[in-house]
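First up is the structure itself, then whatever we jot down about it.
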Amino acid sequence: QVQLVESGGGLVQAGGSLRLSCAASGRTFSSYAMGWYRQAPGKERELVATITTGSSPNYAESVKGRFTISRDNAKSTAYLQMNTLKPEDTAVYYCNAVHSWSGSTYWGQGTQVTVSS
């Protein structure tokens with residue numbers, strides 16, 4: 001069982017930056033691929049970025065060049081650095097963990113990001 005707790009959301013002006021953190025419980029963080037997803041009002045949840053157990057990142061086209069996903073296995077924490085934020089980035093951002101061999105999947109409770117124009 002893994003518990004994920006997101007933090008770092010908030011209100012920021014367009015062009016600004018935020019860094020989201022996802023702290024995971026347990027001692028097997030390094031065995032999980034981590035991801036960030038977001039859900040805007042009235043829209044489906046969508047992938048933002050993922051990072052493998054080997055720290056290979058993958059990004060949605062809409063955030064490439066602006067967002068950076070990373071992980072610190074020693075701290076059992078994943079991060080999402082978000083730069084040059086746009087109003088369309090406004091959403092609840094969710095952290096996701098997928099075990100590398102069992103496929104067990106866990107979600108955090110979400111953190112609100114609001115970008116004002």
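For the structure tokens, the naming scheme is as follows: chains receive sequential letters (A, B, ...) according to their order of presentation, residues are indexed from 1 within each chain, and ligands are indexed from 1 in presentation order.
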
- Query: If we count only C-alpha atoms, what is near range 51-68 of chain A at a cut-off of 6 Å, once residues fewer than 4 positions away on the same chain are taken out, given as an MDAnalysis selection string?
  - Reply: chainID A and resid 30 32:34 80:83

- Message: Neighbouring residues of Arg27 in chain A were defined as those with any atom within 12 Å, considering only C-alpha atoms; residues of the same chain fewer than 3 positions away were excluded. Please report them as a PyMOL selection string.
- Response: chain A and resi 1-3+23-24+30-32+73-77

- Write down as a PyMOL selection string the residues belonging to chain A that are assigned strand (DSSP E) by DSSP computed on the backbone. chain A and resi 4-7+10-13+18-24+32-39+46-51+57-59+67-72+77-82+91-99+105-107+111-116

- Note on the structure: With distances taken over only C-alpha atoms, the candidate from A:Leu18, A:Ile69, A:Ala78, A:Ala40 nearest Ala91 in chain A is A:Ala40

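Among A:Thr50, A:Thr90, A:Gln39, A:Gln13, the residue with the shortest atom-to-atom distance to Ser116 in chain A, counting only C-alpha atoms, is A:Gln13.
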
- Would you mind reading off the distance between CA of Glu6 in chain A and CA of Arg71 in chain A, one decimal, in Å? 13.4 Å

- Rank nothing, just name the residue among A:Cys95, A:Leu85, A:Ser104, A:Thr28 nearest to Val48 in chain A, using only C-alpha atoms. A:Cys95

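In this comparison, which uses only C-alpha atoms, the residue of A:Ser21, A:Gly16, A:Val92, A:Lys86 approaching Glu44 in chain A most closely is A:Val92.
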
- Message: Quick one: residues within 6 Å of Leu20 in chain A, only C-alpha atoms, excluding same-chain residues fewer than 3 positions away - as a ChimeraX atom specification?
- Response: /A:7-8,79-80

Would you mind exporting the chosen residues as a PDB file, in the first residue's frame, restricted to all heavy atoms?
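The new file out_0.pdb reads:
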```pdb
ATOM      1  N   SER A   7       1.527  18.478  -2.624  1.00  0.00           N
ATOM      2  CA  SER A   7       1.596  19.823  -2.049  1.00  0.00           C
ATOM      3  C   SER A   7       2.207  20.757  -3.079  1.00  0.00           C
ATOM      4  O   SER A   7       2.767  20.306  -4.085  1.00  0.00           O
ATOM      5  CB  SER A   7       2.425  19.834  -0.761  1.00  0.00           C
ATOM      6  OG  SER A   7       3.747  19.422  -1.022  1.00  0.00           O
ATOM      7  N   GLY A   8       2.069  22.062  -2.826  1.00  0.00           N
ATOM      8  CA  GLY A   8       2.709  23.040  -3.685  1.00  0.00           C
ATOM      9  C   GLY A   8       1.782  23.780  -4.632  1.00  0.00           C
ATOM     10  O   GLY A   8       2.216  24.672  -5.351  1.00  0.00           O
ATOM     11  N   TYR A  79       8.452  15.277  -8.126  1.00  0.00           N
ATOM     12  CA  TYR A  79       8.236  16.717  -8.275  1.00  0.00           C
ATOM     13  C   TYR A  79       7.730  17.035  -9.678  1.00  0.00           C
ATOM     14  O   TYR A  79       7.985  16.307 -10.630  1.00  0.00           O
ATOM     15  CB  TYR A  79       9.541  17.480  -8.042  1.00  0.00           C
ATOM     16  CG  TYR A  79      10.182  17.222  -6.704  1.00  0.00           C
ATOM     17  CD1 TYR A  79      11.191  16.277  -6.578  1.00  0.00           C
ATOM     18  CD2 TYR A  79       9.785  17.911  -5.568  1.00  0.00           C
ATOM     19  CE1 TYR A  79      11.789  16.026  -5.350  1.00  0.00           C
ATOM     20  CE2 TYR A  79      10.372  17.673  -4.338  1.00  0.00           C
ATOM     21  CZ  TYR A  79      11.374  16.723  -4.237  1.00  0.00           C
ATOM     22  OH  TYR A  79      11.959  16.472  -3.016  1.00  0.00           O
ATOM     23  N   LEU A  80       7.032  18.165  -9.766  1.00  0.00           N
ATOM     24  CA  LEU A  80       6.666  18.714 -11.063  1.00  0.00           C
ATOM     25  C   LEU A  80       6.962  20.200 -11.021  1.00  0.00           C
ATOM     26  O   LEU A  80       6.253  20.957 -10.353  1.00  0.00           O
ATOM     27  CB  LEU A  80       5.194  18.463 -11.386  1.00  0.00           C
ATOM     28  CG  LEU A  80       4.769  18.911 -12.784  1.00  0.00           C
ATOM     29  CD1 LEU A  80       5.425  18.008 -13.841  1.00  0.00           C
ATOM     30  CD2 LEU A  80       3.255  18.875 -12.945  1.00  0.00           C
TER      31      LEU A  80
END
```
